[in-house]
Amino acid sequence: MDLLVKGKKPYKVLFRKGSLAIFSDYFPEVKGKKAMIITDSGVPTSYIDELASSLVHPYIFTFEQGEKSKNIETYQKILHALADNGFTRDSYIITLGGGVVGDLGGFVASTYMRGISWINIPSTLLSEVDSSIGGKTAIDYEGYKNIVGAFYNPHAVLINVDLLKTLDVRQVKAGLVEAIKMAATFNKDFFEYFEKTPYEELDFQYVVYESLKMKQSIVEKDPEETHLRKSLNFGHTIGHALEKEGKGSLLHGEAVALGMLLVSEGEVHKRIKEVFLSYQIPIEAGFDEEIIFEDMKRDKKKNGEEISLVLCPRIGEFEIKDVPFITLKEILGRK
Ligand SMILES: NC(=O)c1ccc[n+]([C@@H]2O[C@H](COP(=O)([O-])OP(=O)(O)OC[C@H]3O[C@@H](n4cnc5c(N)ncnc54)[C@H](O)[C@@H]3O)[C@@H](O)[C@H]2O)c1
């Protein structure tokens, strides 16, 4: 059930469960090479040890967990460690962690010596279903999220859903929102799977595989987000503003869930809400709509008085629409 993401530099996505100690059986090309494992302090050390045990020359770089580390200081420290330890163009970077590790480590890989090989092992559901493919790498800079980065595809991705067993349930559910988002806008059957399947019975390998198949078809057609790829932003435009306003109280997926509910109407809204309720994903958050509106006006007002939103007119379909800014006020008032 592996995938091959096509493009200028195609890369494979392997689905393998079990111990990371046999990592180099999947990637024999890495075995004798110098490899830096980039990870964070929240990733269980047993995974890091297993992965390191399968490499001949591992070097481990661990930074403090959390978005606050996705910055230029951590980036510089990793560059320093690479240069200081003689990493060259035929070395590898292996990222083991969530989207923060993947975004930051991928950005390092894209720039060190004008690009070295990078294998990504996402270990949160969000990073497995979403950020693991598509080649977006970035760090935050001067308060702006993901403002410095590059499109840089990995050499390969290893999906191991067993890694999710240690992940906090709240994080798992926040990742699930991204999968439900893709189902709602692209795949009616996949959405019905969520409608029918209780949380305890979810098959995460299936969830990740279906999500990545959809994301793959989109990023292959639009690798650098000129149009089609924007469709992945259902719930995100408002979600980002809520996440920012929440100052850390809402996980990204939770904010996106609220954004999806706000921009959907009628039967679609009802069905999405029922899925969120059945998985106990929060469906309301107290926020001041005036503050969110003003914030979005500052950030998003590009086309005169309009804002571009991804809508879901029917389950399994999306529409990208420029709506008047004043409509956004009504949408935020739906809370
Ligand atoms: N590049 C892309 O296309 C893309 C897409 C979506 C999001 N992102 C980025 O992803 C980031 C969010 O990623 P995230 O939600 O994975 O958060 P995260 O990377 O902060 O991980 C969440 C927490 O889980 C811990 N963790 C990771 N794996 C674990 C495991 N297996 N068991 C126990 N704990 C584990 C981490 O240490 C961290 O504390 C944001 O920076 C966002 O900008 C990137």
# chains A, B, ... in the order shown; residues from 1 in each chain; ligands from 1
$ closest_atom_pairs --of "chain A" --to "ligand 1" --cutoff "8 Å" --atoms "only C-alpha atoms and all ligand atoms" --output "JSON lines"
{"residue": "A:Asp40", "atom": "CA", "partner": "ligand 1", "partner_atom_place_in_ligand_line": "37 (O)", "distance": 5.4}
{"residue": "A:Ser41", "atom": "CA", "partner": "ligand 1", "partner_atom_place_in_ligand_line": "37 (O)", "distance": 5.7}
{"residue": "A:Gly42", "atom": "CA", "partner": "ligand 1", "partner_atom_place_in_ligand_line": "37 (O)", "distance": 3.1}
{"residue": "A:Val43", "atom": "CA", "partner": "ligand 1", "partner_atom_place_in_ligand_line": "35 (C)", "distance": 4.5}
{"residue": "A:Pro44", "atom": "CA", "partner": "ligand 1", "partner_atom_place_in_ligand_line": "32 (N)", "distance": 5.9}
{"residue": "A:Gln65", "atom": "CA", "partner": "ligand 1", "partner_atom_place_in_ligand_line": "37 (O)", "distance": 4.8}
{"residue": "A:Gly66", "atom": "CA", "partner": "ligand 1", "partner_atom_place_in_ligand_line": "20 (O)", "distance": 4.6}
{"residue": "A:Glu67", "atom": "CA", "partner": "ligand 1", "partner_atom_place_in_ligand_line": "41 (O)", "distance": 5.6}
{"residue": "A:Lys70", "atom": "CA", "partner": "ligand 1", "partner_atom_place_in_ligand_line": "41 (O)", "distance": 7.0}
{"residue": "A:Leu96", "atom": "CA", "partner": "ligand 1", "partner_atom_place_in_ligand_line": "28 (N)", "distance": 7.7}
{"residue": "A:Gly97", "atom": "CA", "partner": "ligand 1", "partner_atom_place_in_ligand_line": "27 (C)", "distance": 4.6}
{"residue": "A:Gly98", "atom": "CA", "partner": "ligand 1", "partner_atom_place_in_ligand_line": "19 (O)", "distance": 3.2}
{"residue": "A:Gly99", "atom": "CA", "partner": "ligand 1", "partner_atom_place_in_ligand_line": "10 (O)", "distance": 3.2}
{"residue": "A:Val100", "atom": "CA", "partner": "ligand 1", "partner_atom_place_in_ligand_line": "19 (O)", "distance": 3.8}
{"residue": "A:Val101", "atom": "CA", "partner": "ligand 1", "partner_atom_place_in_ligand_line": "19 (O)", "distance": 5.7}
{"residue": "A:Gly102", "atom": "CA", "partner": "ligand 1", "partner_atom_place_in_ligand_line": "1 (N)", "distance": 7.1}
{"residue": "A:Asp103", "atom": "CA", "partner": "ligand 1", "partner_atom_place_in_ligand_line": "1 (N)", "distance": 5.4}
{"residue": "A:Pro122", "atom": "CA", "partner": "ligand 1", "partner_atom_place_in_ligand_line": "28 (N)", "distance": 7.3}
{"residue": "A:Ser123", "atom": "CA", "partner": "ligand 1", "partner_atom_place_in_ligand_line": "28 (N)", "distance": 4.2}
{"residue": "A:Thr124", "atom": "CA", "partner": "ligand 1", "partner_atom_place_in_ligand_line": "28 (N)", "distance": 4.7}
{"residue": "A:Leu125", "atom": "CA", "partner": "ligand 1", "partner_atom_place_in_ligand_line": "16 (O)", "distance": 6.8}
{"residue": "A:Leu126", "atom": "CA", "partner": "ligand 1", "partner_atom_place_in_ligand_line": "16 (O)", "distance": 5.1}
{"residue": "A:Ser127", "atom": "CA", "partner": "ligand 1", "partner_atom_place_in_ligand_line": "16 (O)", "distance": 4.8}
{"residue": "A:Asp130", "atom": "CA", "partner": "ligand 1", "partner_atom_place_in_ligand_line": "5 (C)", "distance": 5.4}
{"residue": "A:Ser131", "atom": "CA", "partner": "ligand 1", "partner_atom_place_in_ligand_line": "3 (O)", "distance": 3.6}
{"residue": "A:Ser132", "atom": "CA", "partner": "ligand 1", "partner_atom_place_in_ligand_line": "3 (O)", "distance": 6.8}
{"residue": "A:Ile133", "atom": "CA", "partner": "ligand 1", "partner_atom_place_in_ligand_line": "3 (O)", "distance": 6.8}
{"residue": "A:Gly134", "atom": "CA", "partner": "ligand 1", "partner_atom_place_in_ligand_line": "3 (O)", "distance": 6.1}
{"residue": "A:Gly135", "atom": "CA", "partner": "ligand 1", "partner_atom_place_in_ligand_line": "1 (N)", "distance": 6.6}
{"residue": "A:Lys136", "atom": "CA", "partner": "ligand 1", "partner_atom_place_in_ligand_line": "1 (N)", "distance": 4.3}
{"residue": "A:Thr137", "atom": "CA", "partner": "ligand 1", "partner_atom_place_in_ligand_line": "1 (N)", "distance": 5.3}
{"residue": "A:Ala138", "atom": "CA", "partner": "ligand 1", "partner_atom_place_in_ligand_line": "1 (N)", "distance": 7.2}
{"residue": "A:Ile139", "atom": "CA", "partner": "ligand 1", "partner_atom_place_in_ligand_line": "41 (O)", "distance": 7.9}
{"residue": "A:Lys145", "atom": "CA", "partner": "ligand 1", "partner_atom_place_in_ligand_line": "43 (O)", "distance": 7.0}
{"residue": "A:Asn146", "atom": "CA", "partner": "ligand 1", "partner_atom_place_in_ligand_line": "43 (O)", "distance": 6.4}
{"residue": "A:Leu163", "atom": "CA", "partner": "ligand 1", "partner_atom_place_in_ligand_line": "31 (N)", "distance": 4.5}
{"residue": "A:Leu164", "atom": "CA", "partner": "ligand 1", "partner_atom_place_in_ligand_line": "31 (N)", "distance": 4.8}
{"residue": "A:Lys165", "atom": "CA", "partner": "ligand 1", "partner_atom_place_in_ligand_line": "32 (N)", "distance": 6.8}
{"residue": "A:Thr166", "atom": "CA", "partner": "ligand 1", "partner_atom_place_in_ligand_line": "32 (N)", "distance": 4.1}
{"residue": "A:Leu167", "atom": "CA", "partner": "ligand 1", "partner_atom_place_in_ligand_line": "33 (C)", "distance": 3.7}
{"residue": "A:Asp168", "atom": "CA", "partner": "ligand 1", "partner_atom_place_in_ligand_line": "33 (C)", "distance": 6.3}
{"residue": "A:Gln171", "atom": "CA", "partner": "ligand 1", "partner_atom_place_in_ligand_line": "22 (C)", "distance": 6.6}
{"residue": "A:Ala174", "atom": "CA", "partner": "ligand 1", "partner_atom_place_in_ligand_line": "15 (O)", "distance": 7.4}
{"residue": "A:Gly175", "atom": "CA", "partner": "ligand 1", "partner_atom_place_in_ligand_line": "15 (O)", "distance": 6.7}
{"residue": "A:Leu251", "atom": "CA", "partner": "ligand 1", "partner_atom_place_in_ligand_line": "15 (O)", "distance": 7.4}
{"residue": "A:His252", "atom": "CA", "partner": "ligand 1", "partner_atom_place_in_ligand_line": "15 (O)", "distance": 6.7}
{"residue": "A:Gly253", "atom": "CA", "partner": "ligand 1", "partner_atom_place_in_ligand_line": "15 (O)", "distance": 7.5}
$ select_by_dssp --residues "segment 66-167 of chain A" --states "helix (DSSP H, G or I)" --output "PyMOL selection string"
chain A and resi 67-69+72-84+99-114+125-131+161-166
$ residues_around --residues "Phe276 of chain A" --least-positions-apart "6" --cutoff "9 Å" --atoms "only C-alpha atoms" --output "number ranges by chain"
A: 177, 180, 257, 282-283
$ write_last_selection --atoms "N, CA and C atoms" --output "compact mmCIF listing (two decimals), in the first residue's frame"
# COMPACT_ATOMS: atom_id res chain seq x y z
N VAL A 177 -9.01 15.98 12.57
CA VAL A 177 -9.76 17.06 11.92
C VAL A 177 -9.25 17.27 10.48
N ILE A 180 -10.69 14.59 8.34
CA ILE A 180 -12.13 14.81 8.13
C ILE A 180 -12.33 15.97 7.14
N ALA A 257 -11.29 22.94 13.02
CA ALA A 257 -12.63 22.35 13.17
C ALA A 257 -13.67 23.47 13.33
N PRO A 282 -13.99 19.55 20.07
CA PRO A 282 -14.75 20.73 20.50
C PRO A 282 -15.40 21.46 19.32
N ILE A 283 -16.67 21.84 19.51
CA ILE A 283 -17.38 22.50 18.41
C ILE A 283 -17.69 23.97 18.73
$ closest_residue --among "A:Ile116, A:Leu55, A:Leu328, A:Ile72" --to "Ser308 of chain A" --atoms "only C-alpha atoms"
A:Leu328
$ residues_around --residues "segment 246-249 of chain A" --least-positions-apart "4" --cutoff "12 Å" --atoms "only C-alpha atoms" --output "MDAnalysis selection string"
chainID A and resid 66:68 239:242 253:255 285:288 291:292
$ select_by_dssp --residues "segment 18-176 of chain A" --states "strand (DSSP E or B)" --output "PyMOL selection string"
chain A and resi 34-40+57-63+92-97+117-122+136-141+144-151+156-159
$ atom_distance --atom1 "atom CA of Glu225 of chain A" --atom2 "atom CA of Cys312 of chain A"
19.1 Å
$ residues_around --residues "Asn71 of chain A" --least-positions-apart "2" --cutoff "7 Å" --atoms "only C-alpha atoms" --output "list in words"
Lys68, Ser69, Glu73, Thr74, Tyr75, Ile139, Asp140 and Tyr141 of chain A
$ atom_distance --atom1 "atom CA of Thr62 of chain A" --atom2 "atom CA of Trp118 of chain A"
16.4 Å
$ residues_around --residues "Val161 of chain A" --least-positions-apart "3" --cutoff "7 Å" --atoms "only C-alpha atoms" --output "list in words"
Lys17, Leu164, Phe204 and Gln205 of chain A
$ write_last_selection --atoms "N, CA and C atoms" --output "PDB file, in the first residue's frame"
ATOM      1  N   LYS A  17       4.541  -0.710   9.970  1.00  0.00           N
ATOM      2  CA  LYS A  17       4.335  -0.668  11.424  1.00  0.00           C
ATOM      3  C   LYS A  17       5.535  -1.321  12.101  1.00  0.00           C
ATOM      4  N   LEU A 164       1.766   6.439  16.957  1.00  0.00           N
ATOM      5  CA  LEU A 164       0.677   7.268  17.498  1.00  0.00           C
ATOM      6  C   LEU A 164       0.192   6.761  18.859  1.00  0.00           C
ATOM      7  N   PHE A 204      -6.262   3.680  11.872  1.00  0.00           N
ATOM      8  CA  PHE A 204      -5.455   4.859  11.558  1.00  0.00           C
ATOM      9  C   PHE A 204      -4.603   4.686  10.292  1.00  0.00           C
ATOM     10  N   GLN A 205      -4.194   3.469  10.034  1.00  0.00           N
ATOM     11  CA  GLN A 205      -3.422   3.253   8.801  1.00  0.00           C
ATOM     12  C   GLN A 205      -4.297   3.614   7.583  1.00  0.00           C
TER      13      GLN A 205
END
$ atom_distance --atom1 "atom CA of Val30 of chain A" --atom2 "atom CA of Ile48 of chain A"
16.0 Å
$ closest_residue --among "A:Glu192, A:Glu200, A:Glu210, A:Glu178" --to "Leu258 of chain A" --atoms "only C-alpha atoms"
A:Glu178
